[in-house]
Amino acid sequence: MAFGIASPDITASAIMSGLADNYLPVILGQSVESTVSRVIIAMMSIIQIIYLSETATLLISTNKHMKFWHVIVIFLERTFLSLFFVILIAKFFVR
C-alpha cells in the first residue's frame, strides 16, 4: 500500500486516465473496494475536469499561444500537486 491507499496501481491508472477522458477515471475505479481510494479517484476526476476547462478558458481569453506539450505539463503538475492534498483530505474525512 503506497501512502496507505488500497489498490494503488488501479487508483494511479484511474487518476492518470483523466487526461484522456473526463469520465474514464470513475469507470476504471469501479473495481476498487476501498472507500478512501474511491473518494480519491472521484475528487481527482472532478479536479481534472476543472483544470482542463480552466486552462482552455485561460488560453482562449488571453490569446496566448502555447505548445500542446506545455499544456500537458501544466496539467500534470497541477494534478500531482493536488493529489497530495486530496490524499490528506480523504484520509482525514473518510472512515
# chains A, B, ... in the order shown; residues from 1 in each chain; ligands from 1
$ residues_around --residues "region 18-27 of chain A" --least-positions-apart "5" --cutoff "8 Å" --atoms "only C-alpha atoms" --output "PDB file with N, CA, C and O atoms, in the first residue's frame"
ATOM      1  N   SER A  13      -3.673   4.464 -12.093  1.00  0.00           N
ATOM      2  CA  SER A  13      -4.037   4.423 -13.511  1.00  0.00           C
ATOM      3  C   SER A  13      -5.360   5.117 -13.758  1.00  0.00           C
ATOM      4  O   SER A  13      -5.548   5.750 -14.801  1.00  0.00           O
ATOM      5  N   ILE A  41     -10.210   8.936  -6.240  1.00  0.00           N
ATOM      6  CA  ILE A  41     -10.447   8.897  -7.685  1.00  0.00           C
ATOM      7  C   ILE A  41     -11.523   9.907  -8.079  1.00  0.00           C
ATOM      8  O   ILE A  41     -11.372  10.640  -9.059  1.00  0.00           O
ATOM      9  N   ALA A  42     -12.604   9.962  -7.323  1.00  0.00           N
ATOM     10  CA  ALA A  42     -13.692  10.891  -7.641  1.00  0.00           C
ATOM     11  C   ALA A  42     -13.250  12.346  -7.515  1.00  0.00           C
ATOM     12  O   ALA A  42     -13.536  13.173  -8.393  1.00  0.00           O
ATOM     13  N   SER A  45     -10.875  13.245 -10.318  1.00  0.00           N
ATOM     14  CA  SER A  45     -11.598  13.361 -11.584  1.00  0.00           C
ATOM     15  C   SER A  45     -12.254  14.729 -11.706  1.00  0.00           C
ATOM     16  O   SER A  45     -12.172  15.384 -12.750  1.00  0.00           O
ATOM     17  N   GLN A  48      -9.550  17.406 -12.183  1.00  0.00           N
ATOM     18  CA  GLN A  48      -9.006  17.396 -13.534  1.00  0.00           C
ATOM     19  C   GLN A  48      -9.968  18.036 -14.541  1.00  0.00           C
ATOM     20  O   GLN A  48      -9.535  18.716 -15.464  1.00  0.00           O
ATOM     21  N   ILE A  49     -11.259  17.823 -14.364  1.00  0.00           N
ATOM     22  CA  ILE A  49     -12.241  18.471 -15.235  1.00  0.00           C
ATOM     23  C   ILE A  49     -12.151  19.984 -15.075  1.00  0.00           C
ATOM     24  O   ILE A  49     -12.147  20.734 -16.055  1.00  0.00           O
TER      25      ILE A  49
END
$ residues_around --residues "region 69-81 of chain A" --least-positions-apart "2" --cutoff "7 Å" --atoms "only C-alpha atoms" --output "list in words"
Gln48, Tyr51, Met66, Lys67, Leu83 and Phe84 of chain A
$ atom_distance --atom1 "CA of Asp9 (chain A)" --atom2 "CA of Arg95 (chain A)"
21.1 Å
$ residues_around --residues "Ser34 (chain A)" --least-positions-apart "4" --cutoff "8 Å" --atoms "only C-alpha atoms" --output "ChimeraX atom specification"
/A:6-7,38
$ select_by_dssp --residues "chain A" --states "alpha helix (DSSP H)" --output "MDAnalysis selection string"
chainID A and resid 8:16 24:28 35:62 68:93
$ residues_around --residues "Phe93 (chain A)" --least-positions-apart "3" --cutoff "12 Å" --atoms "only C-alpha atoms" --output "PyMOL selection string"
chain A and resi 35-36+39-40+86-90
$ closest_residue --among "A:Glu33, A:Ser53, A:Met44, A:Asn63" --to "Ala14 (chain A)" --atoms "only C-alpha atoms"
A:Met44
$ closest_residue --among "A:Thr55, A:Ser82, A:Ser17, A:Ser61" --to "Gly29 (chain A)" --atoms "only C-alpha atoms"
A:Ser17
